[in-house]
Amino acid sequence: MPQHRKRFTLIANRITGEEIEPLKVYGKKVTVRDVIGVENGFPKIEAGHKDNTDFMHSVAGLSEINFKRLELTEKDGGTRLSYADTDLAPKCHKNQKTSFKDTYGRMYWDKPAPTITTKFFSISNGRFAHPEENRAISLREGAVLQSFPKDYIFKTKCIANTARMIGNAVPPKYAEAIGRAIVSSKNV
């Protein structure tokens, strides 16, 4: 999964004392670059873009001040520290350089994404800015980072409701690993 996320999963087994764990995947870690970007079928878009197709490459708009903040934020992993000492810094972050560095931050191309939460469509809620475009990640980008297939159809119309559904979901590839572990267990 192209996401840095720790999960605790307890699988109860009342038949035997055998421990069942999700099957581990070995090899190269999947990164943001592996799943989003123009090379992966995500055309460049601007903040506020609405995609009315089932692909849902829609992204929330940005206020003027948030757009200015992103313009100053370094591409590929930049943080809010690039404007911490300016008038662009939110009052709660003014001259604060040690806490909440991920808010208003950009994702790194070559690292897994941060945990996709229900508010991933907003740059003020974590490191959810696109690695190089001046916008938050789109609904579909958040979905593929959560391991949903690109052709999965979400039956919602509202950005916030769709983001909540994506962020609250057990990532499909993780659910599959759990299911395969249960099915392959000798005593189930």
# chains A, B, ... in the order shown; residues from 1 in each chain; ligands from 1
call {"tool": "select_by_dssp", "arguments": {"residues": "stretch 45-133 of chain A", "states": "alpha helix (DSSP H)", "output": "list in words"}}
result
Glu64, Ile65, Asn66, Phe67, Lys68, Arg69, Leu70, Glu71 and Leu72 of chain A
call {"tool": "closest_atom_pairs", "arguments": {"of": "stretch 88-163 of chain A", "to": "stretch 58-80 of chain A", "cutoff": "6 Å", "atoms": "only C-alpha atoms", "output": "tab-separated table"}}
result
residue	atom	partner	partner_atom	distance
A:Tyr104	CA	A:Arg80	CA	5.7
A:Gly105	CA	A:Thr79	CA	4.3
A:Arg106	CA	A:Gly77	CA	4.7
A:Met107	CA	A:Gly77	CA	5.0
A:Tyr108	CA	A:Gly77	CA	4.4
A:Trp109	CA	A:Asp76	CA	5.9
A:Pro131	CA	A:Asp76	CA	4.6
A:Glu132	CA	A:Lys75	CA	4.9
A:Asn134	CA	A:Leu70	CA	5.6
A:Ser138	CA	A:Val59	CA	4.4
A:Leu139	CA	A:Ser58	CA	5.8
call {"tool": "residues_around", "arguments": {"residues": "stretch 159-165 of chain A", "least_positions_apart": "5", "cutoff": "7 Å", "atoms": "only C-alpha atoms", "output": "MDAnalysis selection string"}}
result
chainID A and resid 118:121 139
call {"tool": "write_last_selection", "arguments": {"atoms": "C-alpha atoms", "output": "tab-separated table (two decimals), in the first residue's frame"}}
result
chain	number	residue	atom	x	y	z
A	118	THR	CA	-11.28	11.65	6.39
A	119	LYS	CA	-9.97	15.20	5.84
A	120	PHE	CA	-7.28	14.40	3.24
A	121	PHE	CA	-8.86	16.87	0.80
A	139	LEU	CA	-10.58	12.42	-4.23
call {"tool": "atom_distance", "arguments": {"atom1": "atom CA of A:Tyr174", "atom2": "atom CA of A:Val35"}}
result
16.4 Å
call {"tool": "atom_distance", "arguments": {"atom1": "atom CA of A:Leu145", "atom2": "atom CA of A:Tyr83"}}
result
27.9 Å
call {"tool": "atom_distance", "arguments": {"atom1": "atom CA of A:Met56", "atom2": "atom CA of A:Arg140"}}
result
5.6 Å
call {"tool": "residues_around", "arguments": {"residues": "A:Phe55", "least_positions_apart": "3", "cutoff": "8 Å", "atoms": "only C-alpha atoms", "output": "count of residues only"}}
result
6
call {"tool": "closest_residue", "arguments": {"among": "A:Phe154, A:Pro112, A:Ala181, A:Ala89", "to": "A:Asp54", "atoms": "only C-alpha atoms"}}
result
A:Phe154
call {"tool": "closest_residue", "arguments": {"among": "A:Ile182, A:Gly167, A:Ser124, A:Pro172", "to": "A:Tyr152", "atoms": "only C-alpha atoms"}}
result
A:Pro172
call {"tool": "residues_around", "arguments": {"residues": "A:Val38", "least_positions_apart": "5", "cutoff": "12 Å", "atoms": "only C-alpha atoms", "output": "list in words"}}
result
Val32, Arg33, Pro43, Lys44, Ile45, Glu132, Glu133 and Glu141 of chain A
call {"tool": "closest_residue", "arguments": {"among": "A:Ser184, A:Lys155, A:Phe42, A:Ala47", "to": "A:Ile123", "atoms": "only C-alpha atoms"}}
result
A:Ala47
call {"tool": "residues_around", "arguments": {"residues": "stretch 9-12 of chain A", "least_positions_apart": "5", "cutoff": "10 Å", "atoms": "only C-alpha atoms", "output": "PyMOL selection string"}}
result
chain A and resi 17-22+178+181-182
call {"tool": "closest_residue", "arguments": {"among": "A:Ala113, A:Gly126, A:Gly48, A:Val170", "to": "A:Phe8", "atoms": "only C-alpha atoms"}}
result
A:Val170
